[in-house]
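Before any comments, here is the structure.
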Amino acid sequence: MTAVRLAERAYRSWSSPILLELKEREHQLDPSARVALINVLQERRLLERDQPSAVVQPIRPGIE
(Lines give C-alpha, C1' and ligand atoms only; values in the text may rest on other atoms or scores of the structure.)
Protein backbone atom coordinates (compact mmCIF):
# COMPACT_ATOMS: atom_id res chain seq x y z
CA MET A 1 0.00 0.00 0.00
CA THR A 2 1.28 3.47 -0.84
CA ALA A 3 2.03 6.15 1.72
CA VAL A 4 -0.98 8.17 0.56
CA ARG A 5 -3.36 5.23 0.97
CA LEU A 6 -1.98 4.38 4.41
CA ALA A 7 -2.41 7.97 5.57
CA GLU A 8 -5.94 8.10 4.12
CA ARG A 9 -6.86 4.96 6.04
CA ALA A 10 -5.62 6.54 9.28
CA TYR A 11 -7.29 9.91 8.61
CA ARG A 12 -10.66 8.29 7.89
CA SER A 13 -10.77 7.05 11.48
CA TRP A 14 -10.15 10.53 12.91
CA SER A 15 -12.86 13.01 13.82
CA SER A 16 -13.50 16.08 11.67
CA PRO A 17 -12.27 18.57 14.31
CA ILE A 18 -8.93 16.75 14.46
CA LEU A 19 -8.65 16.77 10.66
CA LEU A 20 -9.45 20.48 10.53
CA GLU A 21 -6.74 21.15 13.10
CA LEU A 22 -4.33 19.12 10.98
CA LYS A 23 -5.42 21.13 7.92
CA GLU A 24 -4.23 24.30 9.68
CA ARG A 25 -0.80 22.68 10.02
CA GLU A 26 -0.68 21.01 6.63
CA HIS A 27 2.41 23.03 5.69
CA GLN A 28 4.27 20.86 8.22
CA LEU A 29 3.18 17.56 6.61
CA ASP A 30 5.15 15.60 4.07
CA PRO A 31 3.70 15.63 0.53
CA SER A 32 2.00 12.22 0.71
CA ALA A 33 0.33 13.04 4.05
CA ARG A 34 -0.82 16.37 2.63
CA VAL A 35 -2.40 14.68 -0.41
CA ALA A 36 -4.10 12.12 1.83
CA LEU A 37 -5.50 14.85 4.08
CA ILE A 38 -6.88 16.77 1.10
CA ASN A 39 -8.44 13.58 -0.30
CA VAL A 40 -10.13 12.65 2.98
CA LEU A 41 -11.46 16.16 3.61
CA GLN A 42 -12.88 16.33 0.09
CA GLU A 43 -14.34 12.84 0.50
CA ARG A 44 -16.14 13.93 3.68
CA ARG A 45 -17.50 17.06 2.00
CA LEU A 46 -18.92 14.94 -0.82
CA LEU A 47 -20.50 12.53 1.64
CA GLU A 48 -22.04 15.41 3.58
CA ARG A 49 -23.55 16.69 0.33
CA ASP A 50 -24.96 13.20 -0.27
CA GLN A 51 -22.88 12.56 -3.40
CA PRO A 52 -21.15 9.27 -2.55
CA SER A 53 -20.78 8.26 -6.22
CA ALA A 54 -18.19 11.03 -6.64
CA VAL A 55 -16.08 9.50 -3.87
CA VAL A 56 -15.38 6.35 -5.87
CA GLN A 57 -13.24 8.21 -8.41
CA PRO A 58 -9.71 9.22 -7.42
CA ILE A 59 -9.63 12.84 -6.38
CA ARG A 60 -6.07 13.36 -7.59
CA PRO A 61 -5.35 10.60 -10.08
CA GLY A 62 -1.74 9.71 -10.65
CA ILE A 63 -0.45 11.08 -7.35
CA GLU A 64 0.55 8.30 -5.01
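Identifiers in the C-alpha coordinates: chain A, B, ... in order shown; residue index from 1 per chain; ligand index from 1 in order shown.
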
Write out as JSON, numbers by chain which residues come within 6 Å of stretch 25-38 of chain A when counting only C-alpha atoms, dropping same-chain ones fewer than 5 positions away.
{"A": [4, 7, 8]}

Generate the output file for the selected residues, C-alpha atoms, as a CSV table (one decimal), in the first residue's frame.
```
chain,number,residue,atom,x,y,z
A,4,VAL,CA,-1.0,8.2,0.6
A,7,ALA,CA,-2.4,8.0,5.6
A,8,GLU,CA,-5.9,8.1,4.1
```

Set the distance at 12 Å and use only C-alpha atoms: which residues neighbour A:Arg44 once local chain neighbours fewer than 2 positions away are removed? I'd like the list as a list in words.
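Once the nearby chain positions are removed, what remains is Glu8, Tyr11, Arg12, Ser13, Trp14, Ser15, Ser16, Leu19, Leu20, Leu37, Ile38, Asn39, Val40, Leu41, Gln42, Leu46, Leu47, Glu48, Arg49, Asp50, Gln51, Pro52, Ala54 and Val55 of chain A.
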